[in-house]
Structures are given as C-alpha cells and as structure tokens.
Amino acid sequence: MWNLLVRFILRNRLGNLIAIAVLTAFMGYKALDVHLSYEMAQMLPASDTTSLAYKKFKATFGQDGAVLFIGIKDEKLFTLEEFNDWLELTENLKKVDGVQEVLSIGKLYTLEKNDSSRKFDFRQLFVDKPQSQEELDSIRTLIYNLPFYDGLIINKETNATLMMLTLDRARLNDKSRLKLVSDIEDVVATFSSKHDINVHFSGMPYIRTKTMKMVQKELLLFMVLSMIIASIALFIFFRSFKAVLFPMLIVIISVIWSMGTLGIMGYEITILTGIIPPLLIIIGVENCIFLLNKYHHEYREHGNKIKALSRVVVRTGNATFLTNLTTATGFAAFIITGNKLLVEFGIVAAINIMVVFVLSIFLIPILYSYLAPPELRHIKHLDNKYTTGIINKVVYLVQNHRKAIYITAIAGVLLAVIGVSKLKTTGNVVDDIPHNHPMYVDLLFFEEEFKGILPFEISIDTRKPRGVMQMSTIQKISDLQDTLALYPEFAKPLSVAELVKFSKQAFYNGDPEMYSIPNSQERNFIMQYMPSMKGGKKTILDSFVDTSMSKTRISVQMANIGTRDIQRIKDDLKPKIDSIFSPGKYDVELTGTSIVFLKGTEYLVRNLITSLILAVIAIGILLGMLFTSFKMVAVSMIPNLLPQLMTAALMGFLAISIKPSTILIFSIALGISVDNAIHFLSRYRLALKNNNWDIKVSVLSALRETGFSMVYSSIVLFLGFSIFILSTFGGTQSMGFLISFTLLIAMFSNLLLLPSLLLSLDRRITTRHFEEPLIVLFDEDEESDVNGDPEELNNTFNKETNRL
C-alpha cells in the first residue's frame, strides 16, 4: 500500500500540489461562513426529561435567562444629583435597541386601591424627577415602605441597588447581542465616570456574551502562540529554517481545512471548537518531527535523497497513520456523549487530525524533493549531545535498573490510588471564569448584596383553569416560599403570592405592616380588587402566570453554587414540596438554568467516562490490528494508562474536581500519548527482522532510533498544550495543565517502562503473532519502485522543477 502511495506522491508532485492548493482555497472559502456561537450550550439531549421540562417551561413563561443585571453600592445613592442621574440612566437604557423592559428604583410600580372601580390601579411610583432633597427623601420613604422590592431591587441595609434589564430574546442568539451589550455598557459608562462609581454587570446574557468575546480573542492568541512555540522548537531541534517553514505551511493549511470543515457542516465556533486550530498545529508539528527525523536518519544511512524520502512514507507511514488514527479516536469518542458541543468538537477534531496526517505524508516528501539534499549541519541534531545523552541514560537504565523502574512505577500507582480517592465530582454554572476576573468579581457582588442572580425555577401546575388564583393555592405558594427562605443560597422569590401580599398592602393604603397573605376574612374583599392579568404586555412583574391561570412559577435567584450543593438542595426540597403540594393534585417541577446545568453535568460526566472506556477499547483494537498480539497490546497500554492514573491522582491532590471540562482530557491525552508506543513498537518489530529475532538488540536499537522523535515530539506537545494554561477559562487552563502533565509522564513511561517490560517479559510476549500483523498495510523489508538510480531520479525531478 505505502509503496503505491509513495510512487503516487513523488511521481505526481505538481498535480498533488495543485490539488491541495485548490482544495485549500475551497476550504478557505467555506471558512468564511463560520461565525461564533451565541446560543447557550445544550448539555442535555433534546429527548431528556429534564430538557423537555425546561422547554415546556420556556414555552409557557419565556426564557428564564434573559435578564441582565446592573448593580451599584453607594452611600450617595439618595442624594439628588446621583438619584436623578440613575433615573436618567434607567430611561436611557430603555431606549437601547434590544432592551424590552427596565426595572430599577427609578422605575418602580405600585398598586393603589381604586374604590370607584373596585380595582387596583397599577401605576408608576413616581414619574417626574424629584426637584429637591426633601422630595427625594419622601420618595425614598415610599420605596422603603414597599417590601415587595426589598431584596429584589434594593438592599436597604447596605444601600445597594440594581437594575433588571429584560432583553429581546431574538437578539440573544445571534451576533447582534455583542452590540446590544456594548451599547448598554456605553450608556452605563457615562453614569459611572460622572459619579466615580464601580458599576457591576451580570446575568446569563452578559456572561454568555463576554464569554464568547473572550473565546474569539483566545482563538487567535492560541493559534499565534502555538505557531511561535512550534517554530522555536523545530528550529532548536533541526537548526534549519526550512524545517520550520514547511511544517508551519502544513499546519496553516490544516487550520484552514478545519475552519472549512466547520463551514461545510454548518457548525459554529464554540469554546471547544475554538481550540481545534491550535490543537491541529501541535499535532501537525508532531507528525512533521517524526517524518523529518526519519528522513534525516535515512539520508545519513545511504546519502540518497529520493530513497530517503520514499522510505519516510514506506517505513513510517503505517505507524504515523496509526498514531493519528488513535489520536483521532480519542477525540471521536466524544461523539457518543450526545452533547451537541462535544459531538461537534469530536467530529471536526477527528476528521481534521486525519487530514493533518494526509497533508503531512504528502507535503513533506513533495516539498523536500524540490530542495537540495540535507547538509551535514541539518542532520547534526541526530548526534545532539544533550538528546543523545538523554537516550544513552535511558538505555542504561533500561539495561541495568529495570527493578528501580518497576518500583517507581508501582509507587506511582500506590500514590495515584490515594490521590484518586480524593477526587470529587462537581461544577458551577459560572465555573470556568477565574476568581479574579471582573466578571466573577461582579457575580460575587450580586451574591453578597442580593444572594445571587442565577435562575432557579419552580413550575406549579394546578391542573384546572384559574387554579392559581385560588387562595388555597396562593397560601401553599407562600408556604413553599417560607421553606425556600431557610436556604441561604436563595434570594427573595418572585411569585403570584408576592403580588397578593402587595395587593393586601395596597388595600390597606400602602401600610407596609400589611404586606402578608390575606386572612380568611380579608380574602373576598381583596381578591375583588386584583387585576385580571389578561392580555397586555408582559413585564418582569406579571410574567409568572400563564394565560389560563392554571400554571404558575416561583422564580428564585440563587448563588453560583456547585452541582453537589444544587443536588443537596434539590433532594432536600422534594419531600418538603410534596408535603405542601400533594402530588395527586399538583404537578410541581424544579427547573431553570441551574437545574438543567446540574442534570447536564451529571449526564456529561457519565457519558465522558463511557467515552473514555470506549476510547481505550477502540485504541486497543487498533493496536491489535497492527501488532496482532493481545499480550503486546496489553503491555503497550500499561505505560499509557499509568499517566492517566497519575493525572487523576494529581487532580485529587490539587482538589481539581471531576467535571465536563476536566474529564474530557483523559480521552484526548490517551489518544496522543499512545503515539510514542506505536512508533517504538513498529520500529521494534522491524528491528526484530533485521536482527534475527534478537530481542535485546532490537529493543535497544528501536529505542535509540525512535528515542529522538519521542523526546522531540513530547517536548513540542508539552509546550504546545501548556499555552492553554494562559486561557481565561478554568476548564481550558485545566486541559492545558493536565494534558501537559499526562504527556510528560507518558514520555518517561514509554521511554523507560515499555522497553523494560519488553526485555523482562522477553519471548513470553514477543511471539510470531507480533511479527505478523493482522492487516498488512506494508512490507517493511520491501523497497519502493521509486528507488531507482539516484542520478536518474534526481534528473527527472530537476526537469520537473525547471518546468515549474
């Protein structure tokens, strides 16, 4: 197979280059269709019961995460100038295109009893700006006498207040949300600078918008950094600008193809697909290192450039193909999770990892065939005293200190067991943002002053029209709210019960002492005055009852707590809810963004563990196809599963929780780390044939030849993944740190433990089955027909070059 391929590559150089150029231009054109995703990540499949309940809730009451919060805390809030400017800010924000409603102390509503119509009039608390401090003081008294807003809009104890901006839901899922949030910030900046006040922003629309802007910036940053690091590493290793230029050209083409793949499939750039380009750069450079090392090694052996290039394909094609396939398998394992983000990430990454392989195996021989043969300085890296010293030390340890290597490995396993026992599974809705980031600091402000802003919803179905407005139902809602008040994680709830309390206060001419559920004697009088709530424009205040008044909601804002705490609260609440709302008469569901996130995290962790197991099995099968020996596959997996275990232990010791953003690193790291084992064992099998089945000589020969590439590629991978530590997102930081650590351990494991096992187990695992692969992709002893007379072949290439 590889003989045929190398003939096709080298005998059709120009045609191949033109074909790749045309396809790259097409993929670049399709890449223009790619844009950032502004939709909230769907963690659950559409068929999941929690997902269905949330969709039903949104269909009845609207999106729960469409409110943007603006908060301040200032002792001068109720001074005339600042208060009037806050009022003006409220009006200016209402004029921003995309803002549907604004609620603040500058625009509050109250109920007034109208005895003539026997109805409550719903009117604005005040319309005109106060003209004097005395007038403002009276307004302040009015506001403080409305318990409905205490803890919701204002914290009377600290003088903190917030605005709640209801945004156009249609604008939240497209690019225009960037301008909407920017326009809001610009309007607020005028007030902030005038009064020198630190204004805080939060809410799901704001967090999502800022997150995607950060993704956009990091996409470019990581691409540039990965190329710089790879370029520096390549130059240090090979001491040649050509060895930097051509691999960089290959990875740039691969990045274009990856973006084109997104465009063709109609996918968007998300927090995951955004890291694919730098990942491809790292993986592509790893391919180039193995191919260039093989080219230089072969050329040093016989001095024939064309023969060396053909052997790059013939003798490393199989191993390089398998290494890329196992890496792609690690990413492809995410497809089974059912999570839209991970499925798209897995598909695009897996496809383009194989694209990188094709580009590398084609372009390295073609591009170098046009160049002069390597000079002595270009292949001196094969005798690099530092790398050679490392390899010699490794060979010495493998030959003479295998017992110490095994003891170290066993000690690592025992230590890992202790670390793994400390692992915990958790996650937060706002989880990936560093604690010193302004967005997180703002979130803490709202938690401290108003107990949080993350949506937690309770949906109640009375199963009968106007069932919500029955006083027995309202009393039950009030009882449930009293239960919710026992949890410090919850802010003040908003429900129809609060409106009824508000109505009672209005019935008694605004007396704040009367803000409570009407007693049996008051109910008939007060309920006659209640607004019909039929038709009209929905606002933040009256959006908690459906049109038939059979369903209602209790909306609670909660702190940014972990999934373990959310689950604890959910489990604790369920029996208490059932004791208030009989399951035989009412349908009560806990839903909202927080509940969906909890279920989504559980679902993803469970499925990511399954995908990891699947990746291990799939990679084992691929290794079995290449080596045809179960014993050899088992031995090759040991040095690559050990780093996974050590990484899990490190997470335990450092209190890094198991969550979707950390558990996905295991499949990725396994797919990449096993590459070294494949290259080593492929070379070991060939060495067995060349050394008359002498296992010791073959192991050491394979170790010396592949050791350089293993060290070089591991360093590039380590440095390449380390750039993700610079990310603003905690999940991306963890991925960079943990994968780098895994690959570093895997390098030592494959250099020391794998050869040691081969020597210790000797012929018990190195059987004839290992010599004869199940699927023969190439005959390693066969020379390609491309290898004719070197002078004749060089003349042929020179003639073609002249035609160019």
# chains A, B, ... in the order shown; residues from 1 in each chain; ligands from 1
call {"tool": "select_by_dssp", "arguments": {"residues": "segment 479-565 of chain A", "states": "strand (DSSP E or B)", "output": "list in words"}}
result
Phe490, Leu494, Val545, Lys551, Thr552, Arg553, Ile554, Ser555, Val556, Gln557, Met558 and Gly562 of chain A
call {"tool": "select_by_dssp", "arguments": {"residues": "segment 70-99 of chain A", "states": "helix (DSSP H, G or I)", "output": "count of residues only"}}
result
15
call {"tool": "residues_around", "arguments": {"residues": "segment 104-118 of chain A", "least_positions_apart": "5", "cutoff": "9 Å", "atoms": "only C-alpha atoms", "output": "ChimeraX atom specification"}}
result
/A:83-84,86-91,123-127,129,143,146,149,153-154,161-165,502-503,505-510,528-530
call {"tool": "atom_distance", "arguments": {"atom1": "atom CA of Phe321 of chain A", "atom2": "atom CA of Met248 of chain A"}}
result
19.9 Å
call {"tool": "closest_residue", "arguments": {"among": "A:Ser594, A:Asn676, A:Thr742, A:Thr388", "to": "Arg564 of chain A", "atoms": "only C-alpha atoms"}}
result
A:Ser594
call {"tool": "closest_residue", "arguments": {"among": "A:Ser740, A:Asn690, A:Lys76, A:Leu754", "to": "Leu642 of chain A", "atoms": "only C-alpha atoms"}}
result
A:Leu754
call {"tool": "residues_around", "arguments": {"residues": "His401 of chain A", "least_positions_apart": "6", "cutoff": "10 Å", "atoms": "only C-alpha atoms", "output": "list in words"}}
result
Val394, Val395, Leu752 and Ser756 of chain A
call {"tool": "closest_atom_pairs", "arguments": {"of": "segment 711-746 of chain A", "to": "segment 434-438 of chain A", "cutoff": "9 Å", "atoms": "only C-alpha atoms", "output": "CSV"}}
result
residue,atom,partner,partner_atom,distance
A:Thr728,CA,A:Pro434,CA,6.6
A:Phe729,CA,A:Pro434,CA,6.6
A:Gly730,CA,A:Pro434,CA,6.2
call {"tool": "closest_residue", "arguments": {"among": "A:Ala648, A:Leu93, A:Ile745, A:Ile460", "to": "Ser582 of chain A", "atoms": "only C-alpha atoms"}}
result
A:Ile460
call {"tool": "closest_residue", "arguments": {"among": "A:Pro583, A:Pro518, A:Gly389, A:Gly28", "to": "Val711 of chain A", "atoms": "only C-alpha atoms"}}
result
A:Gly389
call {"tool": "residues_around", "arguments": {"residues": "segment 657-662 of chain A", "least_positions_apart": "2", "cutoff": "7 Å", "atoms": "only C-alpha atoms", "output": "ChimeraX atom specification"}}
result
/A:423-427,601,604-605,651,655,664-665,731,734-735
call {"tool": "closest_residue", "arguments": {"among": "A:Ala615, A:Leu688, A:Lys585, A:Gly620", "to": "Ala634 of chain A", "atoms": "only C-alpha atoms"}}
result
A:Gly620
call {"tool": "atom_distance", "arguments": {"atom1": "atom CA of Leu738 of chain A", "atom2": "atom CA of Leu650 of chain A"}}
result
8.5 Å
call {"tool": "closest_residue", "arguments": {"among": "A:Ile407, A:Met747, A:Leu726, A:Ile656", "to": "Glu218 of chain A", "atoms": "only C-alpha atoms"}}
result
A:Leu726
call {"tool": "atom_distance", "arguments": {"atom1": "atom CA of Val313 of chain A", "atom2": "atom CA of Arg7 of chain A"}}
result
9.9 Å
